[in-house]
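Shown below: work_27.json, with JSON, C-alpha atoms.
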```
[["chain", "number", "residue", "atom", "x", "y", "z"],
["A", 247, "GLY", "CA", 151.33, 62.01, 161.23],
["A", 248, "LEU", "CA", 150.67, 61.07, 157.58],
["A", 249, "ASP", "CA", 149.13, 57.67, 158.44],
["A", 250, "ALA", "CA", 146.60, 59.36, 160.72],
["A", 251, "ARG", "CA", 145.25, 61.48, 157.84],
["A", 252, "ILE", "CA", 144.84, 58.51, 155.45],
["A", 253, "PRO", "CA", 141.44, 56.72, 155.55],
["A", 254, "ALA", "CA", 141.55, 53.25, 157.06],
["A", 255, "HIS", "CA", 140.55, 51.53, 153.81],
["A", 256, "THR", "CA", 143.38, 53.20, 151.81],
["A", 257, "PRO", "CA", 146.67, 51.28, 151.84],
["A", 258, "ALA", "CA", 149.68, 53.32, 152.94],
["A", 259, "HIS", "CA", 151.75, 52.37, 149.88],
["A", 260, "LYS", "CA", 149.09, 53.91, 147.53],
["A", 261, "THR", "CA", 148.95, 57.28, 149.25],
["A", 262, "PRO", "CA", 150.97, 59.34, 146.70],
["A", 263, "SER", "CA", 149.00, 57.99, 143.71],
["A", 264, "TYR", "CA", 145.65, 58.59, 145.37],
["A", 265, "THR", "CA", 146.57, 62.14, 146.32],
["A", 266, "SER", "CA", 147.74, 63.02, 142.82],
["A", 267, "LYS", "CA", 144.53, 61.66, 141.27],
["A", 268, "MET", "CA", 142.40, 63.73, 143.62],
["A", 269, "ALA", "CA", 144.43, 66.83, 142.82],
["A", 270, "SER", "CA", 144.03, 66.20, 139.12],
["A", 271, "ILE", "CA", 140.23, 65.83, 139.45],
["A", 272, "VAL", "CA", 139.95, 69.06, 141.46],
["A", 273, "ALA", "CA", 142.10, 70.94, 138.94],
["A", 274, "THR", "CA", 139.97, 69.65, 136.03],
["A", 275, "GLN", "CA", 136.73, 70.71, 137.72],
["A", 276, "LEU", "CA", 138.12, 74.13, 138.47],
["A", 277, "SER", "CA", 139.24, 74.51, 134.86],
["A", 278, "VAL", "CA", 135.80, 73.51, 133.51],
["A", 279, "GLY", "CA", 134.06, 75.87, 135.90],
["A", 280, "LEU", "CA", 136.24, 78.80, 134.91],
["A", 281, "THR", "CA", 135.74, 78.03, 131.21],
["A", 282, "GLN", "CA", 131.95, 77.95, 131.60],
["A", 283, "LYS", "CA", 131.95, 81.22, 133.52],
["A", 284, "SER", "CA", 134.11, 82.79, 130.83],
["A", 285, "ALA", "CA", 131.73, 81.59, 128.10],
["A", 286, "VAL", "CA", 128.70, 82.92, 129.97],
["A", 287, "ALA", "CA", 130.40, 86.25, 130.50],
["A", 288, "THR", "CA", 131.52, 86.44, 126.86],
["A", 289, "ARG", "CA", 128.13, 85.50, 125.32],
["A", 290, "PRO", "CA", 126.41, 88.89, 125.97],
["A", 291, "ARG", "CA", 129.42, 90.70, 124.58],
["A", 292, "VAL", "CA", 129.32, 88.59, 121.41],
["A", 293, "ALA", "CA", 125.57, 89.17, 121.03],
["A", 294, "ALA", "CA", 125.98, 92.91, 121.54],
["A", 295, "LYS", "CA", 128.79, 93.01, 118.98],
["A", 296, "ALA", "CA", 126.64, 91.13, 116.44],
["A", 297, "ALA", "CA", 123.72, 93.49, 117.06],
["A", 298, "ARG", "CA", 125.94, 96.52, 116.52],
["A", 299, "ALA", "CA", 127.19, 94.99, 113.27],
["A", 300, "VAL", "CA", 123.61, 94.49, 112.06],
["A", 301, "ILE", "CA", 122.74, 98.08, 112.95],
["A", 302, "ARG", "CA", 125.81, 99.37, 111.11],
["A", 303, "THR", "CA", 124.95, 97.26, 108.05],
["A", 304, "SER", "CA", 121.34, 98.49, 108.10],
["A", 305, "ALA", "CA", 122.50, 102.08, 108.46],
["A", 306, "VAL", "CA", 124.86, 101.73, 105.51],
["A", 307, "ALA", "CA", 122.10, 100.15, 103.39],
["A", 308, "SER", "CA", 119.65, 102.92, 104.35],
["A", 309, "ALA", "CA", 122.23, 105.58, 103.54],
["A", 310, "ALA", "CA", 122.91, 104.01, 100.15],
["A", 311, "ARG", "CA", 119.20, 103.89, 99.26],
["A", 312, "PRO", "CA", 117.34, 107.20, 98.90],
["A", 313, "VAL", "CA", 114.13, 107.40, 100.93],
["A", 314, "TRP", "CA", 111.32, 109.97, 100.91],
["A", 315, "MET", "CA", 112.18, 111.08, 104.46],
["A", 316, "PRO", "CA", 115.91, 111.06, 105.26],
["A", 317, "GLY", "CA", 116.70, 109.15, 108.41],
["A", 318, "ARG", "CA", 113.46, 107.18, 108.34],
["A", 319, "PRO", "CA", 113.90, 103.52, 107.35],
["A", 320, "ALA", "CA", 111.73, 102.15, 104.57],
["A", 321, "PRO", "CA", 109.07, 99.59, 105.52],
["A", 322, "ALA", "CA", 109.99, 95.95, 105.04],
["A", 323, "HIS", "CA", 107.53, 95.41, 102.17],
["A", 324, "LEU", "CA", 109.19, 98.16, 100.12],
["A", 325, "ASP", "CA", 112.61, 96.67, 99.54],
["A", 326, "GLY", "CA", 113.66, 98.97, 96.68],
["A", 327, "SER", "CA", 112.91, 96.48, 93.89],
["A", 328, "LEU", "CA", 110.05, 98.57, 92.44],
["A", 329, "PRO", "CA", 110.73, 101.51, 90.08],
["A", 330, "CYS", "CA", 111.05, 104.78, 92.03],
["A", 331, "ASP", "CA", 110.58, 103.01, 95.37],
["A", 332, "TYR", "CA", 111.54, 105.53, 98.05],
["A", 333, "GLY", "CA", 109.86, 103.70, 100.93],
["A", 334, "PHE", "CA", 106.78, 105.96, 100.96],
["A", 335, "ASP", "CA", 103.89, 104.11, 102.59],
["A", 336, "PRO", "CA", 103.10, 105.87, 105.89],
["A", 337, "LEU", "CA", 99.74, 104.06, 106.18],
["A", 338, "SER", "CA", 101.20, 100.61, 105.32],
["A", 339, "LEU", "CA", 98.66, 100.18, 102.53],
["A", 340, "GLY", "CA", 101.00, 97.91, 100.60],
["A", 341, "LYS", "CA", 101.79, 95.54, 103.43],
["A", 342, "ASP", "CA", 99.62, 92.88, 101.81],
["A", 343, "PRO", "CA", 101.59, 91.52, 98.80],
["A", 344, "GLU", "CA", 98.45, 91.13, 96.69],
["A", 345, "GLN", "CA", 97.32, 94.66, 97.47],
["A", 346, "LEU", "CA", 100.80, 95.96, 96.66],
["A", 347, "LYS", "CA", 100.59, 94.41, 93.17],
["A", 348, "TRP", "CA", 97.31, 96.23, 92.62],
["A", 349, "PHE", "CA", 98.67, 99.55, 93.88],
["A", 350, "VAL", "CA", 101.70, 99.27, 91.59],
["A", 351, "GLN", "CA", 99.47, 98.85, 88.54],
["A", 352, "ALA", "CA", 97.05, 101.53, 89.72],
["A", 353, "GLU", "CA", 99.85, 104.07, 90.08],
["A", 354, "LEU", "CA", 101.23, 103.13, 86.67],
["A", 355, "MET", "CA", 97.87, 103.69, 84.98],
["A", 356, "HIS", "CA", 97.26, 106.97, 86.84],
["A", 357, "CYS", "CA", 100.72, 108.17, 85.82],
["A", 358, "ARG", "CA", 100.04, 107.46, 82.16],
["A", 359, "TRP", "CA", 96.59, 109.04, 82.18],
["A", 360, "ALA", "CA", 97.92, 112.09, 84.02],
["A", 361, "MET", "CA", 100.66, 112.60, 81.42],
["A", 362, "LEU", "CA", 98.15, 112.25, 78.58],
["A", 363, "GLY", "CA", 95.64, 114.47, 80.36],
["A", 364, "LEU", "CA", 98.18, 117.21, 81.03],
["A", 365, "ALA", "CA", 99.22, 117.20, 77.39],
["A", 366, "GLY", "CA", 95.54, 117.36, 76.42],
["A", 367, "CYS", "CA", 95.00, 120.37, 78.69],
["A", 368, "VAL", "CA", 98.06, 122.31, 77.55],
["A", 369, "ALA", "CA", 98.36, 121.52, 73.81],
["A", 370, "PRO", "CA", 94.99, 122.90, 72.53],
["A", 371, "GLU", "CA", 95.32, 126.09, 74.55],
["A", 372, "LEU", "CA", 98.94, 126.59, 73.49],
["A", 373, "LEU", "CA", 98.21, 125.95, 69.79],
["A", 374, "THR", "CA", 95.32, 128.42, 69.92],
["A", 375, "LYS", "CA", 97.44, 131.03, 71.71],
["A", 376, "ILE", "CA", 100.17, 130.94, 69.06],
["A", 377, "GLY", "CA", 97.60, 131.00, 66.24],
["A", 378, "MET", "CA", 98.09, 127.50, 64.88],
["A", 379, "ALA", "CA", 94.59, 126.26, 65.76],
["A", 380, "ASP", "CA", 91.21, 127.37, 67.03],
["A", 381, "LEU", "CA", 90.44, 124.92, 69.81],
["A", 382, "PRO", "CA", 88.50, 125.33, 73.05],
["A", 383, "ASN", "CA", 90.07, 125.50, 76.47],
["A", 384, "TRP", "CA", 89.93, 122.15, 78.22],
["A", 385, "ILE", "CA", 87.40, 123.58, 80.68],
["A", 386, "ASP", "CA", 84.93, 124.17, 77.83],
["A", 387, "ALA", "CA", 85.88, 121.10, 75.78],
["A", 388, "GLY", "CA", 82.71, 119.27, 76.79],
["A", 389, "ASN", "CA", 80.53, 121.94, 75.13],
["A", 390, "TRP", "CA", 82.53, 122.15, 71.91],
["A", 391, "ASP", "CA", 80.54, 121.34, 68.77],
["A", 392, "GLY", "CA", 83.47, 120.31, 66.59],
["A", 393, "TYR", "CA", 83.55, 116.64, 67.51],
["A", 394, "TRP", "CA", 82.88, 114.00, 64.85],
["A", 395, "LEU", "CA", 80.30, 112.43, 67.15],
["A", 396, "GLY", "CA", 77.85, 113.79, 69.68],
["A", 397, "ALA", "CA", 78.81, 113.89, 73.35],
["A", 398, "GLY", "CA", 76.42, 111.06, 74.30],
["A", 399, "PRO", "CA", 77.45, 108.52, 71.65],
["A", 400, "LEU", "CA", 81.11, 109.50, 72.08],
["A", 401, "PHE", "CA", 80.85, 108.78, 75.79],
["A", 402, "PHE", "CA", 79.36, 105.31, 75.27],
["A", 403, "VAL", "CA", 81.91, 104.41, 72.57],
["A", 404, "GLN", "CA", 84.68, 105.45, 74.92],
["A", 405, "MET", "CA", 83.18, 103.44, 77.77],
["A", 406, "ALA", "CA", 82.91, 100.31, 75.60],
["A", 407, "MET", "CA", 86.51, 100.57, 74.39],
["A", 408, "MET", "CA", 87.85, 101.32, 77.87],
["A", 409, "ASN", "CA", 85.88, 98.42, 79.33],
["A", 410, "TRP", "CA", 87.43, 96.03, 76.80],
["A", 411, "ALA", "CA", 90.94, 97.32, 77.48],
["A", 412, "GLU", "CA", 90.57, 97.33, 81.26],
["A", 413, "ILE", "CA", 89.16, 93.78, 81.38],
["A", 414, "ARG", "CA", 92.12, 92.52, 79.40],
["A", 415, "ARG", "CA", 94.50, 94.39, 81.69],
["A", 416, "TRP", "CA", 92.82, 92.84, 84.74],
["A", 417, "GLU", "CA", 93.09, 89.37, 83.24],
["A", 418, "ASP", "CA", 96.77, 89.98, 82.53],
["A", 419, "MET", "CA", 97.31, 90.94, 86.17],
["A", 420, "LYS", "CA", 95.74, 87.67, 87.31],
["A", 421, "ASN", "CA", 97.62, 85.57, 84.76],
["A", 422, "PRO", "CA", 100.70, 87.47, 83.48],
["A", 423, "GLY", "CA", 101.32, 86.98, 79.77],
["A", 424, "SER", "CA", 97.87, 85.58, 78.99],
["A", 425, "MET", "CA", 96.75, 88.72, 77.14],
["A", 426, "ASN", "CA", 99.85, 89.28, 75.01],
["A", 427, "GLU", "CA", 98.26, 88.24, 71.72],
["A", 428, "ASP", "CA", 95.76, 90.66, 70.22],
["A", 429, "PRO", "CA", 92.50, 88.73, 69.64],
["A", 430, "LEU", "CA", 91.51, 90.91, 66.67],
["A", 431, "THR", "CA", 94.71, 91.23, 64.66],
["A", 432, "GLY", "CA", 96.83, 88.39, 66.07],
["A", 433, "ALA", "CA", 99.61, 90.83, 66.86],
["A", 434, "ASN", "CA", 102.17, 89.76, 69.49],
["A", 435, "LYS", "CA", 101.45, 86.09, 68.83],
["A", 436, "GLY", "CA", 104.00, 83.94, 70.62],
["A", 437, "ASP", "CA", 105.12, 86.77, 72.88],
["A", 438, "THR", "CA", 106.22, 85.35, 76.24],
["A", 439, "ASN", "CA", 106.52, 88.66, 78.08],
["A", 440, "THR", "CA", 105.14, 88.45, 81.64],
["A", 441, "ASP", "CA", 106.05, 91.95, 82.82],
["A", 442, "VAL", "CA", 102.58, 93.21, 83.78],
["A", 443, "GLY", "CA", 101.90, 96.77, 82.70],
["A", 444, "TYR", "CA", 104.74, 96.86, 80.20],
["A", 445, "PRO", "CA", 103.52, 95.20, 76.99],
["A", 446, "LYS", "CA", 105.92, 94.90, 74.09],
["A", 447, "GLY", "CA", 105.48, 94.15, 70.41],
["A", 448, "LEU", "CA", 102.54, 96.20, 69.08],
["A", 449, "PHE", "CA", 102.78, 98.59, 72.06],
["A", 450, "ASP", "CA", 106.50, 99.18, 71.60],
["A", 451, "PRO", "CA", 106.92, 100.37, 67.98],
["A", 452, "MET", "CA", 110.10, 102.29, 68.84],
["A", 453, "GLY", "CA", 111.80, 99.25, 70.38],
["A", 454, "TYR", "CA", 112.43, 100.82, 73.78],
["A", 455, "SER", "CA", 112.15, 97.40, 75.46],
["A", 456, "LYS", "CA", 115.52, 96.53, 73.96],
["A", 457, "LYS", "CA", 117.19, 99.35, 75.89],
["A", 458, "ASP", "CA", 117.67, 99.87, 79.64],
["A", 459, "VAL", "CA", 114.10, 99.00, 80.62],
["A", 460, "GLU", "CA", 114.56, 99.54, 84.35],
["A", 461, "LYS", "CA", 115.88, 103.05, 83.79],
["A", 462, "LEU", "CA", 112.95, 103.83, 81.48],
["A", 463, "LYS", "CA", 110.51, 102.52, 84.08],
["A", 464, "ARG", "CA", 111.94, 104.90, 86.67],
["A", 465, "LYS", "CA", 111.69, 107.82, 84.26],
["A", 466, "GLU", "CA", 108.08, 107.00, 83.44],
["A", 467, "ILE", "CA", 107.02, 106.77, 87.09],
["A", 468, "ALA", "CA", 108.90, 109.98, 88.00],
["A", 469, "ASN", "CA", 107.34, 111.93, 85.15],
["A", 470, "GLY", "CA", 103.95, 110.39, 85.85],
["A", 471, "ARG", "CA", 104.02, 111.43, 89.50],
["A", 472, "LEU", "CA", 104.97, 114.95, 88.48],
["A", 473, "ALA", "CA", 102.09, 114.95, 85.98],
["A", 474, "MET", "CA", 99.61, 113.88, 88.67],
["A", 475, "VAL", "CA", 100.71, 116.76, 90.89],
["A", 476, "ALA", "CA", 100.48, 119.10, 87.88],
["A", 477, "MET", "CA", 96.93, 117.97, 87.16],
["A", 478, "VAL", "CA", 95.93, 118.86, 90.72],
["A", 479, "GLY", "CA", 97.31, 122.34, 90.02],
["A", 480, "VAL", "CA", 95.45, 122.57, 86.69],
["A", 481, "PHE", "CA", 92.15, 121.61, 88.35],
["A", 482, "THR", "CA", 92.69, 124.04, 91.24],
["A", 483, "GLN", "CA", 93.56, 126.91, 88.89],
["A", 484, "ALA", "CA", 90.54, 126.24, 86.70],
["A", 485, "ILE", "CA", 88.21, 126.32, 89.71],
["A", 486, "THR", "CA", 89.86, 129.47, 91.08],
["A", 487, "THR", "CA", 90.49, 131.53, 87.93],
["A", 488, "GLY", "CA", 88.32, 129.87, 85.28],
["A", 489, "GLU", "CA", 91.29, 129.77, 82.89],
["A", 490, "GLY", "CA", 93.62, 127.12, 81.50],
["A", 491, "PRO", "CA", 97.20, 126.34, 82.51],
["A", 492, "VAL", "CA", 98.81, 128.34, 79.68],
["A", 493, "ALA", "CA", 96.85, 131.51, 80.54],
["A", 494, "ASN", "CA", 97.61, 131.12, 84.23],
["A", 495, "LEU", "CA", 101.31, 130.54, 83.59],
["A", 496, "SER", "CA", 101.50, 133.56, 81.25],
["A", 497, "ALA", "CA", 99.81, 135.79, 83.83],
["A", 498, "HIS", "CA", 102.17, 134.61, 86.56],
["A", 499, "LEU", "CA", 105.29, 135.15, 84.45],
["A", 500, "ALA", "CA", 104.10, 138.66, 83.51],
["A", 501, "ASP", "CA", 103.60, 139.70, 87.13],
["A", 502, "PRO", "CA", 104.87, 137.06, 89.59],
["A", 503, "GLY", "CA", 104.74, 139.47, 92.51],
["A", 504, "HIS", "CA", 100.98, 139.90, 92.30],
["A", 505, "VAL", "CA", 99.77, 136.83, 90.37],
["A", 506, "ASN", "CA", 100.71, 133.85, 92.51],
["A", 507, "ILE", "CA", 99.25, 131.31, 94.90],
["A", 508, "PHE", "CA", 98.92, 133.90, 97.67],
["A", 509, "MET", "CA", 97.07, 136.59, 95.68]]
```

In structure tokens, write the structure found in this file.
Amino acid sequence: GLDARIPAHTPAHKTPSYTSKMASIVATQLSVGLTQKSAVATRPRVAAKAARAVIRTSAVASAARPVWMPGRPAPAHLDGSLPCDYGFDPLSLGKDPEQLKWFVQAELMHCRWAMLGLAGCVAPELLTKIGMADLPNWIDAGNWDGYWLGAGPLFFVQMAMMNWAEIRRWEDMKNPGSMNEDPLTGANKGDTNTDVGYPKGLFDPMGYSKKDVEKLKRKEIANGRLAMVAMVGVFTQAITTGEGPVANLSAHLADPGHVNIFM
């Protein structure tokens, strides 16, 4: 019976030990196989769980950060570190980091010029309307004869001064902090500020740089964007009605039902 099932080369007195070793080997292999199958089956579940966690984290981050179109994630190159960054770049113009630096400074300059320009359009007309001055409407300002210099020379003086200022700004963009010291007066000597577009010292007589600068940056950009939109309205009204913003606003307030964008 038992001797017939034992190979000829296996001694009869070693039969129990041999059998137990074989059983142990088979059990070990089965255990390893089951463990590997379990790991393979578990791996997709772990990956799916990790992916869901990433999605939840991204959703929470997107919800915490305001974007220009709710529900639409901001592009990767707009990470919220810039003032008033709401992820608006539908054409991906700022995908190139160097181009993005240029666009940031371009917007900043346009914001500042728009705010100054809007004040220049409104103030003379308003002062004239309330009887405090006799100044031309901004539409006719180019033909006014009250300037201290003729239109031609004034234009060239302005171009020369703007060229000097813009070249220095460009150099500061290429090498932040290199243009801090004024070459004419020596003002800002020793200033180590490298925040391009936000000079201190001579250009900060009120000491705003000592306050919450990031908050002030956001306010400036927000007001500047509003001013740019307002300037588009001022230009459009001037072309359409031939009048300034104060006259157009007064006419609209007097009869909003008939004097509006539709009539």

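Remark: for Trp410 in chain A, the closest of the candidate residues A:Gly398, A:Met425, A:Leu381, A:Met474 is A:Met425 (distances computed over only C-alpha atoms).
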
Once 6 Å is added on each side, what centre and edge lengths in Å to one decimal does the axis-aligned box around all listed atoms of range 321-327 of chain A have, as AutoDock Vina command-line options?
```
--center_x 110.6 --center_y 97.5 --center_z 99.7 --size_x 18.1 --size_y 16.2 --size_z 23.6
```

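In this comparison, which uses all atoms listed in the file, the residue of A:Pro451, A:Pro491, A:Gly366, A:Pro429 approaching Arg414 in chain A most closely is A:Pro429.
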
Requested in this report: List the neighbours of Gly363 in chain A out to 12 Å using only C-alpha atoms; skip same-chain residues closer than 6 positions along the sequence, and give me the result as a list in words.
Outcome: Met355, His356, Cys357, Ala369, Pro370, Trp384, Gly470, Ala473, Met474, Val475, Ala476, Met477, Val478, Val480 and Phe481 of chain A

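Distances from A:Leu339, A:Met405, A:Leu364, A:Ile385 to Gly479 in chain A were compared using only C-alpha atoms, and the smallest one belongs to A:Leu364.
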
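Interatomic distance, CA of Gly453 in chain A against CA of Ser424 in chain A: 21.3 Å.
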
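Comparing the minimum interatomic distances between Lys341 in chain A and each of A:Pro321, A:Gly392, A:Gly443, A:Gly432, counting all atoms listed in the file, we find that A:Pro321 sits nearest.
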